[in-house]
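Visitor: My structure is stored as coords.pdb, with PDB, C-alpha atoms.
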```pdb
ATOM      1  CA  MET A   1      95.088 104.427  57.723
ATOM      2  CA  ALA A   2      98.230 102.820  59.139
ATOM      3  CA  THR A   3      99.779  99.909  57.349
ATOM      4  CA  LYS A   4     100.435  96.632  59.151
ATOM      5  CA  ILE A   5     104.142  97.510  59.350
ATOM      6  CA  ASP A   6     103.395 100.770  61.153
ATOM      7  CA  SER A   7     100.908  99.313  63.629
ATOM      8  CA  VAL A   8     101.579  98.654  67.295
ATOM      9  CA  SER A   9      99.695  95.873  69.016
ATOM     10  CA  ILE A  10      98.304  96.478  72.497
ATOM     11  CA  LEU A  11      97.237  94.212  75.320
ATOM     12  CA  HIS A  12      94.827  96.238  77.459
ATOM     13  CA  ILE A  13      94.140  95.089  81.031
ATOM     14  CA  ASP A  14      91.415  96.931  82.907
ATOM     15  CA  PRO A  15      88.604  95.629  85.128
ATOM     16  CA  ASN A  16      86.103  97.978  83.467
ATOM     17  CA  GLN A  17      84.678  96.591  80.223
ATOM     18  CA  LEU A  18      83.258  99.953  79.172
ATOM     19  CA  PHE A  19      86.675 101.598  79.563
ATOM     20  CA  ARG A  20      88.354  98.789  77.575
ATOM     21  CA  GLU A  21      85.869  99.281  74.747
ATOM     22  CA  GLY A  22      86.270 103.048  74.920
ATOM     23  CA  LEU A  23      90.058 102.850  74.634
ATOM     24  CA  ARG A  24      89.769 100.467  71.685
ATOM     25  CA  ARG A  25      87.512 102.990  69.926
ATOM     26  CA  ILE A  26      89.705 105.967  70.836
ATOM     27  CA  LEU A  27      92.761 104.257  69.371
ATOM     28  CA  GLY A  28      90.847 102.850  66.400
ATOM     29  CA  ASP A  29      91.880 105.668  64.066
ATOM     30  CA  SER A  30      95.576 105.427  64.958
ATOM     31  CA  SER A  31      98.437 103.010  64.453
ATOM     32  CA  PHE A  32      97.707 101.536  67.885
ATOM     33  CA  ILE A  33      95.641  98.353  67.654
ATOM     34  CA  VAL A  34      94.112  96.769  70.750
ATOM     35  CA  GLU A  35      94.771  93.124  69.857
ATOM     36  CA  ALA A  36      93.715  91.625  73.184
ATOM     37  CA  GLU A  37      91.915  92.621  76.348
ATOM     38  CA  ALA A  38      91.635  91.202  79.843
ATOM     39  CA  SER A  39      89.852  92.194  83.018
ATOM     40  CA  THR A  40      92.602  90.872  85.316
ATOM     41  CA  PHE A  41      96.367  90.835  85.227
ATOM     42  CA  GLU A  42      96.380  87.059  85.541
ATOM     43  CA  ASP A  43      94.208  86.692  82.426
ATOM     44  CA  GLY A  44      96.362  89.226  80.598
ATOM     45  CA  LEU A  45      99.580  87.380  81.431
ATOM     46  CA  GLY A  46      98.021  84.266  79.924
ATOM     47  CA  GLN A  47      97.749  86.087  76.575
ATOM     48  CA  LEU A  48     101.090  87.847  76.769
ATOM     49  CA  SER A  49     103.440  85.095  75.631
ATOM     50  CA  ASP A  50     101.440  84.398  72.455
ATOM     51  CA  LEU A  51     100.732  88.013  71.548
ATOM     52  CA  LYS A  52     104.076  89.716  72.360
ATOM     53  CA  PRO A  53     102.448  93.173  72.112
ATOM     54  CA  GLY A  54     104.332  96.390  71.562
ATOM     55  CA  LEU A  55     102.437  97.880  74.510
ATOM     56  CA  VAL A  56     100.763  96.525  77.618
ATOM     57  CA  ILE A  57      98.376  99.084  79.120
ATOM     58  CA  PHE A  58      96.832  98.342  82.498
ATOM     59  CA  ASP A  59      94.994  99.772  85.473
ATOM     60  CA  PRO A  60      96.556  98.623  88.778
ATOM     61  CA  ASP A  61      93.480  99.247  90.949
ATOM     62  CA  GLY A  62      92.645  96.264  93.108
ATOM     63  CA  TYR A  63      96.224  95.045  93.454
ATOM     64  CA  SER A  64      98.547  95.498  96.411
ATOM     65  CA  ASP A  65     101.842  97.254  95.745
ATOM     66  CA  ASP A  66     103.786  93.990  96.148
ATOM     67  CA  ALA A  67     101.479  92.056  93.828
ATOM     68  CA  LEU A  68     101.590  94.874  91.313
ATOM     69  CA  THR A  69     105.390  94.958  91.298
ATOM     70  CA  GLU A  70     105.521  91.196  90.838
ATOM     71  CA  LEU A  71     103.045  91.351  87.963
ATOM     72  CA  MET A  72     104.942  94.180  86.238
ATOM     73  CA  VAL A  73     108.211  92.256  86.498
ATOM     74  CA  SER A  74     106.460  89.114  85.162
ATOM     75  CA  THR A  75     105.132  91.115  82.225
ATOM     76  CA  LEU A  76     108.544  92.542  81.378
ATOM     77  CA  THR A  77     110.170  89.106  81.771
ATOM     78  CA  THR A  78     107.576  87.273  79.649
ATOM     79  CA  SER A  79     107.623  89.867  76.894
ATOM     80  CA  PRO A  80     110.838  91.906  77.274
ATOM     81  CA  LYS A  81     110.276  93.959  74.123
ATOM     82  CA  SER A  82     106.847  95.100  75.278
ATOM     83  CA  ARG A  83     106.602  98.553  76.818
ATOM     84  CA  VAL A  84     104.347  98.741  79.866
ATOM     85  CA  VAL A  85     102.072 101.687  80.680
ATOM     86  CA  VAL A  86      99.950 102.214  83.782
ATOM     87  CA  LEU A  87      96.692 104.005  82.933
ATOM     88  CA  THR A  88      94.816 104.789  86.130
ATOM     89  CA  ASP A  89      92.508 107.235  87.904
ATOM     90  CA  LYS A  90      94.923 108.540  90.514
ATOM     91  CA  VAL A  91      98.580 108.925  91.366
ATOM     92  CA  ALA A  92      99.722 106.652  94.151
ATOM     93  CA  ILE A  93     103.310 107.535  95.017
ATOM     94  CA  SER A  94     104.348 104.055  96.139
ATOM     95  CA  ARG A  95     102.885 102.574  92.953
ATOM     96  CA  LEU A  96     104.540 105.170  90.781
ATOM     97  CA  ALA A  97     107.910 104.542  92.441
ATOM     98  CA  ASN A  98     107.541 100.762  92.173
ATOM     99  CA  ALA A  99     106.402 101.007  88.564
ATOM    100  CA  LEU A 100     109.334 103.189  87.563
ATOM    101  CA  HIS A 101     111.738 100.916  89.439
ATOM    102  CA  ALA A 102     110.291  97.868  87.630
ATOM    103  CA  GLY A 103     110.999  99.563  84.295
ATOM    104  CA  ILE A 104     107.625 100.653  82.991
ATOM    105  CA  GLY A 105     107.425 103.201  80.215
ATOM    106  CA  GLY A 106     104.606 105.343  81.498
ATOM    107  CA  TYR A 107     102.301 106.179  84.382
ATOM    108  CA  LEU A 108      99.339 108.045  82.921
ATOM    109  CA  LEU A 109      96.035 109.315  84.259
ATOM    110  CA  LYS A 110      92.693 108.456  82.696
ATOM    111  CA  ASP A 111      91.560 112.077  82.701
ATOM    112  CA  MET A 112      94.022 113.079  79.966
ATOM    113  CA  SER A 113      92.927 114.054  76.471
ATOM    114  CA  THR A 114      92.912 111.467  73.697
ATOM    115  CA  ASP A 115      95.575 113.407  71.795
ATOM    116  CA  ALA A 116      97.812 113.525  74.875
ATOM    117  CA  LEU A 117      97.334 109.783  75.369
ATOM    118  CA  LYS A 118      98.334 108.991  71.795
ATOM    119  CA  GLN A 119     101.371 111.271  72.011
ATOM    120  CA  SER A 120     102.372 109.754  75.354
ATOM    121  CA  LEU A 121     102.148 106.243  73.919
ATOM    122  CA  LYS A 122     104.334 107.289  70.980
ATOM    123  CA  LEU A 123     106.930 108.674  73.406
ATOM    124  CA  VAL A 124     106.883 105.443  75.392
ATOM    125  CA  LEU A 125     107.520 103.478  72.192
ATOM    126  CA  MET A 126     110.493 105.735  71.483
ATOM    127  CA  GLY A 127     111.979 104.679  74.821
ATOM    128  CA  GLU A 128     110.913 107.652  76.921
ATOM    129  CA  THR A 129     109.411 107.358  80.401
ATOM    130  CA  VAL A 130     106.217 109.388  80.639
ATOM    131  CA  PHE A 131     104.305 110.452  83.742
ATOM    132  CA  PRO A 132     101.865 113.270  84.595
ATOM    133  CA  THR A 133     103.145 116.774  83.921
ATOM    134  CA  ASP A 134     101.703 118.014  87.214
ATOM    135  CA  LEU A 135     103.802 115.468  89.071
ATOM    136  CA  ALA A 136     106.957 116.556  87.248
ATOM    137  CA  TYR A 137     106.226 120.164  88.214
ATOM    138  CA  LEU A 138     105.815 119.203  91.872
ATOM    139  CA  LEU A 139     109.052 117.206  91.849
ATOM    140  CA  ILE A 140     111.030 120.002  90.221
ATOM    141  CA  ASN A 141     109.690 122.634  92.613
ATOM    142  CA  ASN A 142     110.145 120.461  95.710
ATOM    143  CA  ARG A 143     106.436 120.515  96.538
ATOM    144  CA  PHE A 144     106.091 116.786  96.342
ATOM    145  CA  SER A 145     105.792 115.990 100.043
ATOM    146  CA  SER A 146     103.202 118.700 100.695
ATOM    147  CA  VAL A 147     100.749 117.309  98.117
ATOM    148  CA  PHE A 148     101.223 113.546  98.258
ATOM    149  CA  GLN A 149     101.448 111.297 101.260
ATOM    150  CA  TRP A 150     103.918 108.461 101.344
TER     151      TRP A 150
END
```
Please express the file's structure as structure tokens.

Guide:
Amino acid sequence: MATKIDSVSILHIDPNQLFREGLRRILGDSSFIVEAEASTFEDGLGQLSDLKPGLVIFDPDGYSDDALTELMVSTLTTSPKSRVVVLTDKVAISRLANALHAGIGGYLLKDMSTDALKQSLKLVLMGETVFPTDLAYLLINNRFSSVFQW
């Protein structure tokens, strides 16, 4: 069991209560501790200044690209030491580009394994930027435009 010194607090923002509970349970045996949850970004931002979490994990579904960018920048401004990770169902190129430009630490898909999620979160905390391996492969092999639409 991780000691308090080794733990990383998380603010998890996702509209789906079942998914929020599931993530809390998945991370329950690790050094990641879901300290707070919210169903909307606005509610999450209200908790951010008091909590100052090591990680903010959120699902951007339901937000326009402009609103999402504004919310990500607000998160990073309110809690500059927090690392931000998008955890979503699908890759949206404009969102990925905006998220990376805003300075997030990761853009991850919900269909990944629990071990891969934990490892990805550790990499984000080490300062790495993490996104789906399949996307990296497509970018490297110049197949990006044939698979994703801008």

Visitor: Env of region 67-84 of chain A: 9 Å cut, atoms = all atoms listed in the file, seq-sep filter 6 positions within chain, self excluded. Answer as a list in words.

Guide: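 After dropping sequence-adjacent residues, the list is Phe41, Glu42, Leu45, Leu48, Ser49, Leu51, Lys52, Pro53, Gly54, Leu55, Val56, Ile57, Phe58, Pro60, Arg95, Asn98, Ala99, His101, Ala102, Gly103, Ile104, Gly105, Gly106, Tyr107, Val124, Leu125 and Gly127 of chain A.
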
Visitor: Within 7 Å of Ala36 (chain A), counting all atoms listed in the file, which residues qualify if same-chain residues fewer than 5 places away don't, as a list in words?

Guide: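 Surrounding residues, per the criterion: Ile10, Leu11 and His12 of chain A.
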
Visitor: Between CA of Leu121 (chain A) and CA of Ser30 (chain A), what is the distance, to one decimal in Å?

Guide: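 Computing the Euclidean distance for CA of Leu121 (chain A) and CA of Ser30 (chain A) yields 11.1 Å.
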
Visitor: Figure out the distance between CA of Asp115 (chain A) and CA of Gly44 (chain A), please, to one decimal in Å.

Guide: 25.7 Å

Visitor: Could you tell me which of A:Leu18, A:Thr40, A:Asp111, A:Asp50 comes closest to Tyr63 (chain A) if we count all atoms listed in the file?

Guide: A:Thr40

Visitor: So the first atom is CA of Met112 (chain A) and the second is CA of Pro15 (chain A); what is the distance between them in Å, to one decimal place?

Guide: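 For CA of Met112 (chain A) relative to CA of Pro15 (chain A), the distance reads 19.0 Å.
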
Visitor: Could you check which residues have any atom within 10 Å of (100.8, 106.3, 69.9), counting all atoms listed in the file with coordinates taken straight from the file, and then list them as a tab-separated table (two decimals) with C-alpha atoms, in the coordinates of the input?

Guide:
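Produced file selection.tsv, reproduced below:
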```tsv
chain	number	residue	atom	x	y	z
A	7	SER	CA	100.91	99.31	63.63
A	8	VAL	CA	101.58	98.65	67.30
A	27	LEU	CA	92.76	104.26	69.37
A	30	SER	CA	95.58	105.43	64.96
A	31	SER	CA	98.44	103.01	64.45
A	32	PHE	CA	97.71	101.54	67.89
A	33	ILE	CA	95.64	98.35	67.65
A	55	LEU	CA	102.44	97.88	74.51
A	115	ASP	CA	95.58	113.41	71.80
A	116	ALA	CA	97.81	113.52	74.88
A	117	LEU	CA	97.33	109.78	75.37
A	118	LYS	CA	98.33	108.99	71.80
A	119	GLN	CA	101.37	111.27	72.01
A	120	SER	CA	102.37	109.75	75.35
A	121	LEU	CA	102.15	106.24	73.92
A	122	LYS	CA	104.33	107.29	70.98
A	123	LEU	CA	106.93	108.67	73.41
A	124	VAL	CA	106.88	105.44	75.39
A	125	LEU	CA	107.52	103.48	72.19
A	126	MET	CA	110.49	105.74	71.48
```

Visitor: Which one is closest to Asp59 (chain A): A:Val130, A:Ala38, A:Ile13, A:Ile93? Count all atoms listed in the file.

Guide: A:Ile13

Visitor: Closest to Val91 (chain A) among A:Asp66, A:Glu35, A:Glu128, A:Asp61, using all atoms listed in the file?

Guide: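 Closest to Val91 (chain A) of all the choices is A:Asp61.
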
Visitor: Which residue is closest to Asp65 (chain A)? Choose from A:Val34, A:Ala97, A:Asn16, A:Asp43 and count all atoms listed in the file.

Guide: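 Under the stated criterion, the closest residue is A:Ala97.
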
Visitor: Hey, which of A:Glu21, A:Leu108, A:Pro132, A:Leu100 ends up closest to Leu87 (chain A)? Count all atoms listed in the file.

Guide: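 Residue with the minimum atom-to-atom distance to Leu87 (chain A): A:Leu108.
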
Visitor: Using all atoms listed in the file, which residue out of A:Ser64, A:Asp89, A:Gln47, A:Glu37 lies closest to Leu23 (chain A)?

Guide: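 Answer, going by the shortest atom-to-atom distance: A:Glu37.
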